[in-house]
file input_31.cif (mmCIF, C-alpha atoms)
data_start
loop_
_atom_site.label_atom_id
_atom_site.label_comp_id
_atom_site.auth_asym_id
_atom_site.auth_seq_id
_atom_site.Cartn_x
_atom_site.Cartn_y
_atom_site.Cartn_z
CA MET X 1 140.12 115.22 263.80
CA SER X 2 138.28 114.23 260.64
CA LEU X 3 139.94 113.58 257.32
CA LEU X 4 138.32 116.67 255.85
CA SER X 5 139.20 119.14 258.59
CA SER X 6 142.82 117.94 258.59
CA TYR X 7 143.15 119.69 255.21
CA ARG X 8 142.31 123.08 256.75
CA ARG X 9 145.95 123.57 257.77
CA TYR X 10 147.20 123.27 254.18
CA ALA X 11 145.34 126.38 252.99
CA PRO X 12 145.94 128.58 251.12
CA TYR X 13 146.22 126.39 248.05
CA THR X 14 147.27 126.95 244.49
CA ALA X 15 144.80 125.57 241.94
CA ASP X 16 146.93 122.45 241.51
CA LYS X 17 147.24 121.86 245.24
CA LEU X 18 143.50 122.40 245.71
CA ILE X 19 142.73 119.75 243.08
CA ASN X 20 145.37 117.41 244.53
CA SER X 21 143.87 117.78 248.01
CA ALA X 22 140.33 117.20 246.76
CA ASN X 23 141.52 114.17 244.81
CA ALA X 24 143.39 112.76 247.80
CA ILE X 25 140.13 112.87 249.77
CA LEU X 26 138.07 111.48 246.89
CA GLY X 27 140.68 108.85 246.03
CA SER X 28 140.75 107.59 249.59
CA ARG X 29 137.12 106.54 249.01
CA ALA X 30 137.71 105.38 245.40
CA LEU X 31 135.42 108.18 244.17
CA PRO X 32 135.83 109.82 240.75
CA LEU X 33 138.58 112.43 240.75
CA MET X 34 138.32 116.11 239.76
CA THR X 35 140.26 118.16 237.25
CA LYS X 36 141.25 121.81 237.02
CA ARG X 37 138.65 122.09 234.28
CA THR X 38 135.98 121.10 236.81
CA LEU X 39 137.29 123.75 239.20
CA ARG X 40 137.17 126.41 236.47
CA PHE X 41 133.64 125.38 235.48
CA TYR X 42 132.35 125.47 239.06
CA THR X 43 134.05 128.83 239.59
CA THR X 44 132.52 130.41 236.49
CA GLN X 45 129.11 129.02 237.46
CA GLY X 46 129.40 130.50 240.97
CA VAL X 47 129.36 127.14 242.73
CA VAL X 48 132.93 127.57 243.98
CA PRO X 49 133.90 131.12 245.04
CA ARG X 50 136.41 133.00 242.95
CA PRO X 51 140.00 132.59 244.21
CA LEU X 52 141.80 135.25 246.18
CA GLY X 53 144.38 137.37 244.38
CA SER X 54 145.14 137.93 240.72
CA PRO X 55 144.74 135.06 238.25
CA LYS X 56 148.49 134.48 238.08
CA PHE X 57 148.80 134.28 241.88
CA ALA X 58 145.33 132.91 242.69
CA ARG X 59 144.99 131.24 246.08
CA TYR X 60 142.20 129.07 247.37
CA GLY X 61 141.16 128.61 250.98
CA TYR X 62 139.59 125.79 252.94
CA ASP X 63 136.13 127.07 251.95
CA HIS X 64 137.06 126.49 248.30
CA LEU X 65 137.99 122.89 249.09
CA LEU X 66 134.74 122.44 250.96
CA SER X 67 132.61 123.90 248.19
CA LEU X 68 134.39 121.75 245.59
CA LEU X 69 133.78 118.55 247.57
CA ALA X 70 130.27 119.58 248.62
CA SER X 71 129.33 120.23 245.01
CA ARG X 72 130.26 116.62 244.20
CA ALA X 73 128.40 115.33 247.26
CA LEU X 74 125.25 117.31 246.44
CA GLN X 75 125.46 116.32 242.80
CA ASP X 76 125.52 112.67 243.91
CA GLN X 77 122.30 113.37 245.81
CA GLY X 78 120.67 114.47 242.56
CA LEU X 79 120.75 118.24 243.05
CA LYS X 80 121.05 120.49 240.02
CA LEU X 81 123.65 123.26 239.71
CA GLU X 82 121.31 126.04 240.84
CA GLN X 83 120.25 124.02 243.89
CA ILE X 84 123.90 123.32 244.72
CA LYS X 85 124.74 127.03 244.52
CA HIS X 86 121.88 127.76 246.91
CA GLU X 87 123.01 125.05 249.36
CA LEU X 88 126.58 126.34 249.30
CA SER X 89 125.55 129.93 250.03
CA ASP X 90 126.05 129.08 253.74
CA LEU X 91 129.80 129.05 253.07
CA SER X 92 129.76 132.65 251.91
CA ARG X 93 128.10 133.55 255.21
CA GLY X 94 130.84 131.76 257.15
CA GLN X 95 128.70 128.76 258.14
CA VAL X 96 131.32 126.13 257.46
CA SER X 97 130.19 123.43 259.91
CA ARG X 98 126.93 122.56 258.08
CA ILE X 99 128.76 122.11 254.77
CA GLU X 100 131.51 120.12 256.51
CA SER X 101 128.89 117.76 257.90
CA VAL X 102 127.30 117.34 254.43
CA VAL X 103 130.68 116.38 252.99
CA GLU X 104 131.66 114.20 255.97
CA ASP X 105 128.33 112.31 255.79
CA TRP X 106 128.80 111.76 252.07
CA LEU X 107 132.38 110.56 252.53
CA THR X 108 131.29 108.20 255.31
CA ARG X 109 128.58 106.70 253.07
CA ASN X 110 131.25 106.13 250.42
CA GLU X 111 133.85 104.49 252.63
CA MET X 112 135.49 101.50 251.09
CA PRO X 113 134.59 98.17 252.66
CA GLU X 114 136.97 96.75 255.22
CA LEU X 115 139.77 94.80 253.60
CA SER X 116 140.07 91.11 254.27
CA ASP X 117 143.14 89.98 256.21
CA SER X 118 144.65 88.31 253.14
CA VAL X 119 144.28 91.47 251.02
CA ARG X 120 145.72 93.60 253.83
CA GLU X 121 148.71 91.21 254.17
CA ALA X 122 149.30 91.33 250.40
CA ILE X 123 149.29 95.15 250.42
CA GLU X 124 151.58 95.28 253.47
CA ALA X 125 154.00 92.90 251.73
CA TYR X 126 154.31 95.52 248.99
CA GLU X 127 154.65 98.56 251.20
CA PRO X 128 156.96 101.19 249.75
CA LYS X 129 160.62 100.47 250.21
CA HIS X 130 161.29 104.19 249.81
CA GLU X 131 159.80 107.35 248.37
CA SER X 132 161.69 109.58 245.99
CA SER X 133 161.01 112.58 243.84
CA ILE X 134 161.12 112.17 240.08
CA GLY X 135 160.39 115.24 238.00
CA GLY X 136 159.00 117.06 241.04
CA ALA X 137 156.42 114.37 241.87
CA MET X 138 156.70 112.07 244.87
CA THR X 139 156.87 108.41 243.89
CA ARG X 140 156.52 105.12 245.73
CA THR X 141 158.82 102.26 244.73
CA LEU X 142 157.67 98.70 245.39
CA GLN X 143 159.91 95.65 244.93
CA LEU X 144 157.63 93.07 243.27
CA THR X 145 160.07 90.30 242.50
CA PRO X 146 163.84 89.98 242.85
CA HIS X 147 164.14 91.37 239.30
CA SER X 148 161.30 93.90 239.05
CA MET X 149 160.25 97.08 240.77
CA LEU X 150 157.12 99.16 240.42
CA VAL X 151 157.26 102.97 240.61
CA MET X 152 153.97 104.81 241.13
CA GLY X 153 152.76 108.17 242.40
CA ALA X 154 153.03 108.36 246.19
CA ASN X 155 149.87 110.43 246.59
CA GLN X 156 147.63 108.04 244.66
CA PRO X 157 145.31 105.62 246.47
CA ILE X 158 147.12 102.29 246.39
CA GLN X 159 144.05 100.14 245.57
CA GLN X 160 143.01 102.36 242.67
CA GLU X 161 146.53 102.51 241.29
CA LEU X 162 147.13 98.75 241.64
CA SER X 163 143.87 98.05 239.82
CA ALA X 164 144.96 100.26 236.91
CA ILE X 165 148.40 98.62 236.92
CA MET X 166 146.82 95.16 236.85
CA SER X 167 144.87 96.07 233.70
CA ALA X 168 147.99 97.43 232.05
CA LEU X 169 149.97 94.31 232.98
CA GLU X 170 147.29 92.04 231.47
CA ILE X 171 147.70 93.90 228.16
CA LEU X 172 151.49 93.55 228.35
CA VAL X 173 151.24 89.82 229.07
CA LYS X 174 148.96 89.33 226.02
CA ARG X 175 151.38 91.28 223.81
CA ALA X 176 154.36 89.33 225.09
CA ALA X 177 152.59 86.03 224.30
CA ARG X 178 152.31 86.92 220.59
#
call {"tool": "encode", "arguments": {"input": "input_31.cif", "output": "structure tokens"}}
result
Amino acid sequence: MSLLSSYRRYAPYTADKLINSANAILGSRALPLMTKRTLRFYTTQGVVPRPLGSPKFARYGYDHLLSLLASRALQDQGLKLEQIKHELSDLSRGQVSRIESVVEDWLTRNEMPELSDSVREAIEAYEPKHESSIGGAMTRTLQLTPHSMLVMGANQPIQQELSAIMSALEILVKRAAR
């Protein structure tokens, strides 16, 4: 089962869960993430179909996830919005497999390079000691040193998050040296 099709079972989605699912897929390839604003824009432009139900109880299906990801994939290929809408018209006719293959091909081309053994060992050394929920969000807690722990979102790609943390720590070290 492919990464993309494994998300079929999570439908229907709320807008937040749709964006989180799309971002989990994009983040696993270190691709730029999407926002609800992007979803609203694509919906008003007819790229992503309108959700099911009333605005307050709007639900999105697997085809919405596909069209959201496919729009990014086709945009990366240089297609304009009107061309993307035309390409995604297959989804409205129930032809999901062609769009799935477009997205899967794009995701495959954007796979992250294989990690070296030393990087993999370093990441494994900092595997989560436990996951907990703080304020409704799942978190991952990593013990860095005997006296420090790192708490980060559990659904974020670890490499992307560690890179952002490294930048923040460099700033803190410079401030502490003053």
call {"tool": "closest_residue", "arguments": {"input": "input_31.cif", "among": "X:Trp106, X:Phe41, X:Phe57, X:Tyr7", "to": "Arg29 (chain X)", "atoms": "all atoms listed in the file"}}
result
X:Trp106
call {"tool": "resolve_selection", "arguments": {"input": "input_31.cif", "expression": "the PyMOL selection byres ((chain X and resi 17-22) around 12)", "output": "NGL selection string"}}
result
:X and (3-16 or 23-29 or 31-40 or 48 or 51 or 58-72 or 103 or 107 or 137 or 154-157)
call {"tool": "atom_distance", "arguments": {"input": "input_31.cif", "atom1": "CA of Ser167 (chain X)", "atom2": "CA of Ala73 (chain X)"}}
result
28.7 Å
call {"tool": "residues_around", "arguments": {"input": "input_31.cif", "residues": "Asp90 (chain X)", "least_positions_apart": "4", "cutoff": "12 Å", "atoms": "all atoms listed in the file", "output": "list in words"}}
result
Val47, Pro49, Asp63, Leu66, Ser67, Ala70, Ile84, Lys85, His86, Gly94, Gln95, Val96, Ser97, Arg98, Ile99, Glu100 and Val102 of chain X
call {"tool": "atom_distance", "arguments": {"input": "input_31.cif", "atom1": "CA of Arg175 (chain X)", "atom2": "CA of Ile158 (chain X)"}}
result
25.5 Å
call {"tool": "atom_distance", "arguments": {"input": "input_31.cif", "atom1": "CA of Arg140 (chain X)", "atom2": "CA of Met152 (chain X)"}}
result
5.3 Å
call {"tool": "build_atoms", "arguments": {"input": "input_31.cif", "residues": "region 23-44 of chain X", "atoms": "N, CA and C atoms", "output": "short mmCIF file (atom, residue, chain, number, x, y, z; two decimals), in the coordinates of the input"}}
result
data_model
loop_
_atom_site.label_atom_id
_atom_site.label_comp_id
_atom_site.auth_asym_id
_atom_site.auth_seq_id
_atom_site.Cartn_x
_atom_site.Cartn_y
_atom_site.Cartn_z
N ASN X 23 141.36 115.52 245.35
CA ASN X 23 141.52 114.17 244.81
C ASN X 23 142.07 113.19 245.82
N ALA X 24 142.90 113.65 246.74
CA ALA X 24 143.39 112.76 247.80
C ALA X 24 142.21 112.30 248.67
N ILE X 25 141.31 113.22 248.96
CA ILE X 25 140.13 112.87 249.77
C ILE X 25 139.21 111.96 248.97
N LEU X 26 138.95 112.30 247.73
CA LEU X 26 138.07 111.48 246.89
C LEU X 26 138.70 110.11 246.62
N GLY X 27 139.99 110.10 246.32
CA GLY X 27 140.68 108.85 246.03
C GLY X 27 140.72 107.90 247.20
N SER X 28 140.74 108.46 248.41
CA SER X 28 140.75 107.59 249.59
C SER X 28 139.45 106.81 249.73
N ARG X 29 138.42 107.23 249.02
CA ARG X 29 137.12 106.54 249.01
C ARG X 29 136.83 105.92 247.65
N ALA X 30 137.84 105.91 246.76
CA ALA X 30 137.71 105.38 245.40
C ALA X 30 136.58 106.08 244.65
N LEU X 31 136.42 107.37 244.87
CA LEU X 31 135.42 108.18 244.17
C LEU X 31 136.06 108.82 242.95
N PRO X 32 135.27 109.17 241.95
CA PRO X 32 135.83 109.82 240.75
C PRO X 32 136.59 111.10 241.12
N LEU X 33 137.72 111.30 240.46
CA LEU X 33 138.58 112.43 240.75
C LEU X 33 138.14 113.67 239.98
N MET X 34 138.66 114.83 240.39
CA MET X 34 138.32 116.11 239.76
C MET X 34 139.51 116.62 238.96
N THR X 35 139.22 117.54 238.05
CA THR X 35 140.26 118.16 237.25
C THR X 35 140.21 119.67 237.45
N LYS X 36 141.25 120.35 236.97
CA LYS X 36 141.25 121.81 237.02
C LYS X 36 140.12 122.36 236.17
N ARG X 37 139.77 121.66 235.13
CA ARG X 37 138.65 122.09 234.28
C ARG X 37 137.36 122.12 235.08
N THR X 38 137.16 121.13 235.94
CA THR X 38 135.98 121.10 236.81
C THR X 38 136.00 122.31 237.74
N LEU X 39 137.15 122.59 238.31
CA LEU X 39 137.29 123.75 239.20
C LEU X 39 136.93 125.03 238.45
N ARG X 40 137.47 125.20 237.26
CA ARG X 40 137.17 126.41 236.47
C ARG X 40 135.68 126.50 236.16
N PHE X 41 135.07 125.38 235.79
CA PHE X 41 133.64 125.38 235.48
C PHE X 41 132.83 125.79 236.70
N TYR X 42 133.10 125.14 237.84
CA TYR X 42 132.35 125.47 239.06
C TYR X 42 132.58 126.92 239.49
N THR X 43 133.77 127.44 239.24
CA THR X 43 134.05 128.83 239.59
C THR X 43 133.26 129.78 238.69
N THR X 44 133.27 129.52 237.40
CA THR X 44 132.52 130.41 236.49
C THR X 44 131.03 130.33 236.71
#
